[in-house]
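Trainee: Sending over a structure as structure tokens; questions will come in a sec.
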Amino acid sequence: MEFKNRLFAKAFLEAAKSDRFFPLFVCALGTGLRRGELLGLKWQDVDLDKGTVTVRRTLACTKDGLVLQEPKSQASRRTVVLPEEVVKALKALKIEQAKQKLKAGPLYQDNGLVFATSIGTPLNPENITKRHLYPVLEKAGLPRIRFHDLRHTHATLLLLKGENFKVVSERLGHSSVAFTLKTYAHVLPGMQEGAAKRINAVLETGSKT
């Protein structure tokens, strides 16, 4: 399940502005990264000048606790260009994180994580969903969705805007474009209508000459 359209996404982000994890949510919607990829990001993976993030690891829940692991596939190792709104959110987060370091003093564990607790340790993925995502959705008057559905929303909104399937597949880190096509086949009917309208504009022009 994903947000039905950009208005739902905007309502979600508006409600999330007061949540301390707003940068995480806007980054999820703006990049399509998986939850584990987002929580595994380090500042060394982020280039705010170029506006990119590079996926080099993922945060996984194991029997031994939270562990940073390498991505499961080569396709998952990728560099994603950031929307300007995401860059702005990350810049603000970096400043806020610097304040947290000063406040925590010697208690701060600097793991270099972009998204971390107030003392720098890895975030529990389930806590993010239950304690932050669900309350934001309720505040916005939106149905309850999974964190993973923010990734689906990213892809769906891009495809509905006419973005190339290959580009979307690369942003998502899918193993193939065919997998992307299969996953988002429900978007195709609307895209077909858009394609028909675009080609009709060409045909109309041609009929006038």
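By convention here, the chains of the structure tokens are called A, B, ... in the order presented, each chain's residues are numbered starting at 1, and ligands are numbered starting at 1 in the order presented.
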As a PyMOL selection string, please: every residue in stretch 58-152 of chain A that a backbone DSSP assignment puts in alpha helix (DSSP H).

Mentor: chain A and resi 84-104+125-128+134-140+148-152

Trainee: Export N, CA, C and O atoms of the chosen residues as a short mmCIF file (atom, residue, chain, number, x, y, z; two decimals), in the first residue's frame?

Mentor:
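Wrote out_39.cif, looks like this:
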data_model
loop_
_atom_site.label_atom_id
_atom_site.label_comp_id
_atom_site.auth_asym_id
_atom_site.auth_seq_id
_atom_site.Cartn_x
_atom_site.Cartn_y
_atom_site.Cartn_z
N GLU A 84 15.93 18.79 -3.59
CA GLU A 84 16.39 19.92 -2.81
C GLU A 84 15.79 19.93 -1.40
O GLU A 84 16.45 20.30 -0.43
N GLU A 85 14.52 19.53 -1.28
CA GLU A 85 13.87 19.51 0.04
C GLU A 85 14.55 18.53 0.99
O GLU A 85 14.61 18.76 2.21
N VAL A 86 15.06 17.44 0.44
CA VAL A 86 15.77 16.46 1.26
C VAL A 86 17.12 17.03 1.70
O VAL A 86 17.53 16.87 2.85
N VAL A 87 17.80 17.72 0.80
CA VAL A 87 19.08 18.36 1.14
C VAL A 87 18.88 19.35 2.28
O VAL A 87 19.65 19.38 3.25
N LYS A 88 17.83 20.15 2.19
CA LYS A 88 17.53 21.15 3.23
C LYS A 88 17.28 20.46 4.57
O LYS A 88 17.77 20.92 5.62
N ALA A 89 16.52 19.38 4.54
CA ALA A 89 16.20 18.66 5.78
C ALA A 89 17.46 18.05 6.40
O ALA A 89 17.62 18.07 7.63
N LEU A 90 18.36 17.53 5.57
CA LEU A 90 19.58 16.92 6.08
C LEU A 90 20.54 17.97 6.63
O LEU A 90 21.24 17.72 7.62
N LYS A 91 20.58 19.14 6.01
CA LYS A 91 21.42 20.22 6.53
C LYS A 91 20.94 20.65 7.91
O LYS A 91 21.75 20.86 8.82
N ALA A 92 19.63 20.75 8.07
CA ALA A 92 19.05 21.13 9.36
C ALA A 92 19.32 20.05 10.40
O ALA A 92 19.62 20.34 11.56
N LEU A 93 19.25 18.79 9.97
CA LEU A 93 19.50 17.67 10.87
C LEU A 93 20.95 17.67 11.36
O LEU A 93 21.22 17.40 12.53
N LYS A 94 21.86 18.00 10.48
CA LYS A 94 23.28 18.01 10.84
C LYS A 94 23.55 19.05 11.93
O LYS A 94 24.32 18.80 12.86
N ILE A 95 22.90 20.19 11.82
CA ILE A 95 23.04 21.24 12.84
C ILE A 95 22.45 20.77 14.17
O ILE A 95 23.04 20.96 15.23
N GLU A 96 21.26 20.17 14.10
CA GLU A 96 20.59 19.68 15.31
C GLU A 96 21.41 18.58 15.98
O GLU A 96 21.50 18.52 17.22
N GLN A 97 22.01 17.73 15.16
CA GLN A 97 22.81 16.64 15.72
C GLN A 97 24.05 17.17 16.45
O GLN A 97 24.46 16.62 17.46
N ALA A 98 24.62 18.25 15.92
CA ALA A 98 25.78 18.86 16.57
C ALA A 98 25.39 19.37 17.96
O ALA A 98 26.17 19.27 18.92
N LYS A 99 24.18 19.91 18.09
CA LYS A 99 23.68 20.39 19.38
C LYS A 99 23.50 19.21 20.35
O LYS A 99 23.80 19.33 21.54
N GLN A 100 23.00 18.09 19.82
CA GLN A 100 22.79 16.91 20.65
C GLN A 100 24.12 16.38 21.19
O GLN A 100 24.20 15.93 22.33
N LYS A 101 25.15 16.45 20.37
CA LYS A 101 26.48 15.99 20.79
C LYS A 101 26.98 16.83 21.96
O LYS A 101 27.51 16.30 22.95
N LEU A 102 26.80 18.13 21.86
CA LEU A 102 27.25 19.03 22.93
C LEU A 102 26.47 18.78 24.21
O LEU A 102 27.03 18.77 25.31
N LYS A 103 25.17 18.57 24.07
CA LYS A 103 24.31 18.35 25.22
C LYS A 103 24.62 17.03 25.92
O LYS A 103 24.64 16.95 27.15
N ALA A 104 24.87 15.99 25.13
CA ALA A 104 25.14 14.67 25.69
C ALA A 104 26.55 14.55 26.25
O ALA A 104 26.81 13.74 27.16
N PRO A 125 14.34 0.16 14.42
CA PRO A 125 13.39 0.37 13.32
C PRO A 125 11.93 0.29 13.73
O PRO A 125 11.11 1.09 13.29
N GLU A 126 11.60 -0.67 14.60
CA GLU A 126 10.21 -0.84 15.01
C GLU A 126 9.73 0.32 15.86
O GLU A 126 8.56 0.72 15.80
N ASN A 127 10.62 0.88 16.66
CA ASN A 127 10.24 2.04 17.48
C ASN A 127 9.91 3.24 16.61
O ASN A 127 9.00 4.02 16.92
N ILE A 128 10.66 3.40 15.51
CA ILE A 128 10.40 4.49 14.58
C ILE A 128 8.99 4.37 14.02
O ILE A 128 8.24 5.35 13.94
N TYR A 134 3.27 6.00 13.03
CA TYR A 134 1.84 5.83 13.28
C TYR A 134 1.19 7.09 13.86
O TYR A 134 0.11 7.51 13.40
N PRO A 135 1.81 7.75 14.85
CA PRO A 135 1.22 8.99 15.38
C PRO A 135 1.12 10.09 14.33
O PRO A 135 0.13 10.85 14.32
N VAL A 136 2.11 10.18 13.45
CA VAL A 136 2.08 11.20 12.39
C VAL A 136 0.92 10.92 11.43
O VAL A 136 0.19 11.83 11.04
N LEU A 137 0.74 9.66 11.08
CA LEU A 137 -0.35 9.28 10.18
C LEU A 137 -1.70 9.60 10.81
O LEU A 137 -2.61 10.11 10.15
N GLU A 138 -1.82 9.32 12.10
CA GLU A 138 -3.07 9.60 12.82
C GLU A 138 -3.34 11.10 12.85
O GLU A 138 -4.47 11.55 12.64
N LYS A 139 -2.29 11.87 13.10
CA LYS A 139 -2.42 13.33 13.15
C LYS A 139 -2.87 13.88 11.80
O LYS A 139 -3.65 14.84 11.72
N ALA A 140 -2.37 13.27 10.71
CA ALA A 140 -2.71 13.73 9.36
C ALA A 140 -4.06 13.19 8.88
O ALA A 140 -4.55 13.59 7.81
N HIS A 148 7.83 0.89 4.96
CA HIS A 148 8.23 0.47 3.62
C HIS A 148 7.34 1.08 2.54
O HIS A 148 7.77 1.24 1.39
N ASP A 149 6.12 1.44 2.91
CA ASP A 149 5.20 2.02 1.93
C ASP A 149 5.60 3.44 1.53
O ASP A 149 5.13 3.94 0.50
N LEU A 150 6.46 4.08 2.31
CA LEU A 150 6.97 5.39 1.90
C LEU A 150 7.85 5.20 0.66
O LEU A 150 7.89 6.05 -0.23
N ARG A 151 8.55 4.09 0.62
CA ARG A 151 9.38 3.73 -0.54
C ARG A 151 8.49 3.48 -1.76
O ARG A 151 8.78 3.96 -2.86
N HIS A 152 7.40 2.75 -1.54
CA HIS A 152 6.46 2.50 -2.64
C HIS A 152 5.85 3.81 -3.15
O HIS A 152 5.64 3.98 -4.35
#

Trainee: So that I can see what lies close to stretch 53-63 of chain A, please list as a ChimeraX atom specification the residues with an atom at most 12 Å from it, counting only C-alpha atoms and leaving out residues fewer than 6 positions away in the same chain.

Mentor: /A:27,30-47,69-83,86-87,90,113-116,121-126,170-173

Trainee: Print the selection's residues with N, CA and C atoms to a file, as a compact mmCIF listing (two decimals), in the first residue's frame.

Mentor:
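In the end it all went to selection-v3.txt:
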# COMPACT_ATOMS: atom_id res chain seq x y z
N CYS A 27 13.25 12.11 3.79
CA CYS A 27 14.29 11.40 3.05
C CYS A 27 13.75 10.09 2.46
N GLY A 30 11.61 11.05 -0.44
CA GLY A 30 12.37 11.71 -1.49
C GLY A 30 13.40 10.86 -2.18
N THR A 31 13.76 9.71 -1.57
CA THR A 31 14.80 8.87 -2.16
C THR A 31 14.34 7.46 -2.51
N GLY A 32 13.35 6.95 -1.78
CA GLY A 32 12.92 5.57 -2.04
C GLY A 32 13.83 4.54 -1.39
N LEU A 33 14.75 4.99 -0.51
CA LEU A 33 15.62 4.04 0.17
C LEU A 33 14.82 3.18 1.14
N ARG A 34 15.29 1.95 1.33
CA ARG A 34 14.68 1.06 2.30
C ARG A 34 14.94 1.57 3.72
N ARG A 35 14.11 1.15 4.66
CA ARG A 35 14.26 1.61 6.04
C ARG A 35 15.66 1.29 6.57
N GLY A 36 16.12 0.07 6.36
CA GLY A 36 17.44 -0.33 6.83
C GLY A 36 18.56 0.46 6.19
N GLU A 37 18.36 0.84 4.90
CA GLU A 37 19.37 1.64 4.20
C GLU A 37 19.45 3.04 4.77
N LEU A 38 18.29 3.61 5.09
CA LEU A 38 18.25 4.94 5.68
C LEU A 38 18.91 4.95 7.06
N LEU A 39 18.57 3.96 7.89
CA LEU A 39 19.09 3.91 9.24
C LEU A 39 20.56 3.50 9.28
N GLY A 40 21.07 3.00 8.15
CA GLY A 40 22.47 2.62 8.06
C GLY A 40 23.34 3.69 7.44
N LEU A 41 22.73 4.78 7.01
CA LEU A 41 23.48 5.87 6.38
C LEU A 41 24.41 6.54 7.38
N LYS A 42 25.62 6.86 6.91
CA LYS A 42 26.55 7.65 7.71
C LYS A 42 26.82 8.96 6.96
N TRP A 43 27.24 9.96 7.70
CA TRP A 43 27.48 11.26 7.06
C TRP A 43 28.52 11.17 5.96
N GLN A 44 29.41 10.22 6.04
CA GLN A 44 30.42 10.04 4.99
C GLN A 44 29.78 9.56 3.68
N ASP A 45 28.55 9.08 3.77
CA ASP A 45 27.82 8.63 2.57
C ASP A 45 27.03 9.75 1.92
N VAL A 46 26.98 10.90 2.60
CA VAL A 46 26.15 12.02 2.13
C VAL A 46 27.03 13.15 1.61
N ASP A 47 26.72 13.61 0.40
CA ASP A 47 27.41 14.77 -0.17
C ASP A 47 26.36 15.86 -0.35
N GLN A 69 25.17 -4.04 8.28
CA GLN A 69 25.63 -5.05 7.33
C GLN A 69 25.81 -4.44 5.95
N GLU A 70 26.54 -5.16 5.10
CA GLU A 70 26.69 -4.72 3.73
C GLU A 70 25.40 -5.01 2.97
N PRO A 71 25.08 -4.22 1.93
CA PRO A 71 23.88 -4.48 1.14
C PRO A 71 23.90 -5.90 0.56
N LYS A 72 22.72 -6.47 0.40
CA LYS A 72 22.62 -7.86 -0.05
C LYS A 72 22.98 -8.05 -1.52
N SER A 73 22.82 -7.01 -2.33
CA SER A 73 23.09 -7.14 -3.76
C SER A 73 23.89 -5.96 -4.29
N GLN A 74 24.51 -6.16 -5.44
CA GLN A 74 25.28 -5.10 -6.07
C GLN A 74 24.38 -3.94 -6.48
N ALA A 75 23.15 -4.26 -6.88
CA ALA A 75 22.21 -3.22 -7.30
C ALA A 75 21.84 -2.30 -6.14
N SER A 76 21.88 -2.87 -4.92
CA SER A 76 21.55 -2.06 -3.74
C SER A 76 22.64 -1.04 -3.43
N ARG A 77 23.86 -1.32 -3.88
CA ARG A 77 24.96 -0.36 -3.71
C ARG A 77 24.82 0.70 -4.80
N ARG A 78 24.30 1.84 -4.43
CA ARG A 78 23.98 2.83 -5.45
C ARG A 78 24.09 4.24 -4.90
N THR A 79 24.17 5.19 -5.80
CA THR A 79 24.16 6.59 -5.43
C THR A 79 22.86 7.21 -5.94
N VAL A 80 22.16 7.88 -5.04
CA VAL A 80 20.85 8.46 -5.37
C VAL A 80 20.94 9.98 -5.27
N VAL A 81 20.46 10.65 -6.31
CA VAL A 81 20.43 12.11 -6.31
C VAL A 81 19.27 12.58 -5.43
N LEU A 82 19.55 13.58 -4.59
CA LEU A 82 18.55 14.04 -3.62
C LEU A 82 17.75 15.23 -4.13
N PRO A 83 16.44 15.24 -3.87
CA PRO A 83 15.64 16.43 -4.13
C PRO A 83 16.12 17.55 -3.21
N VAL A 86 15.06 17.44 0.44
CA VAL A 86 15.77 16.46 1.26
C VAL A 86 17.12 17.03 1.70
N VAL A 87 17.80 17.72 0.80
CA VAL A 87 19.08 18.36 1.14
C VAL A 87 18.88 19.35 2.28
N LEU A 90 18.36 17.53 5.57
CA LEU A 90 19.58 16.92 6.08
C LEU A 90 20.54 17.97 6.63
N LEU A 113 26.40 8.13 12.29
CA LEU A 113 25.10 7.85 11.68
C LEU A 113 24.33 9.13 11.40
N VAL A 114 23.66 9.16 10.26
CA VAL A 114 22.82 10.30 9.91
C VAL A 114 21.58 10.31 10.79
N PHE A 115 20.94 9.17 10.90
CA PHE A 115 19.74 9.04 11.72
C PHE A 115 20.09 8.18 12.94
N ALA A 116 20.08 8.81 14.12
CA ALA A 116 20.51 8.12 15.33
C ALA A 116 19.70 8.61 16.52
N THR A 121 23.47 6.48 19.08
CA THR A 121 23.38 5.03 18.83
C THR A 121 22.35 4.72 17.74
N PRO A 122 22.42 3.52 17.13
CA PRO A 122 21.47 3.15 16.08
C PRO A 122 20.03 3.17 16.56
N LEU A 123 19.14 3.52 15.67
CA LEU A 123 17.71 3.58 16.00
C LEU A 123 17.07 2.22 15.83
N ASN A 124 16.14 1.90 16.73
CA ASN A 124 15.37 0.68 16.60
C ASN A 124 14.29 0.90 15.53
N PRO A 125 14.34 0.16 14.42
CA PRO A 125 13.39 0.37 13.32
C PRO A 125 11.93 0.29 13.73
N GLU A 126 11.60 -0.67 14.60
CA GLU A 126 10.21 -0.84 15.01
C GLU A 126 9.73 0.32 15.86
N GLU A 170 16.67 2.10 -10.79
CA GLU A 170 18.01 2.40 -10.27
C GLU A 170 17.93 3.10 -8.92
N ARG A 171 16.98 4.02 -8.76
CA ARG A 171 16.83 4.72 -7.48
C ARG A 171 16.45 3.74 -6.37
N LEU A 172 15.61 2.77 -6.70
CA LEU A 172 15.15 1.80 -5.71
C LEU A 172 16.18 0.71 -5.41
N GLY A 173 17.16 0.56 -6.31
CA GLY A 173 18.16 -0.48 -6.11
C GLY A 173 17.63 -1.86 -6.45

Trainee: When distances are computed from only C-alpha atoms, which of A:Ile119, A:Gly141, A:Gly190, A:Thr180 shows the smallest separation from A:Gly162?

Mentor: A:Gly190

Trainee: For the atom pair atom CA of A:Val67 and atom CA of A:Lys17, what is the interatomic distance in Å to one decimal place?

Mentor: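 These atoms are spaced 28.9 Å apart.
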
Trainee: So the first atom is atom CA of A:Gly194 and the second is atom CA of A:Leu159; what is the distance between them in Å, to one decimal place?

Mentor: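 So the two atoms, atom CA of A:Gly194 and atom CA of A:Leu159, lie 10.9 Å apart.
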
Trainee: I need the residues of stretch 24-170 of chain A that end up classed as strand (DSSP E or B) by DSSP on the backbone, written out as an MDAnalysis selection string.

Mentor: chainID A and resid 42 46:47 52:54 58:62 65:69 79:81 113

Trainee: Please measure the separation of atom CA of A:Val26 and atom CA of A:Val177, giving the value in Å to one decimal.

Mentor: 25.0 Å
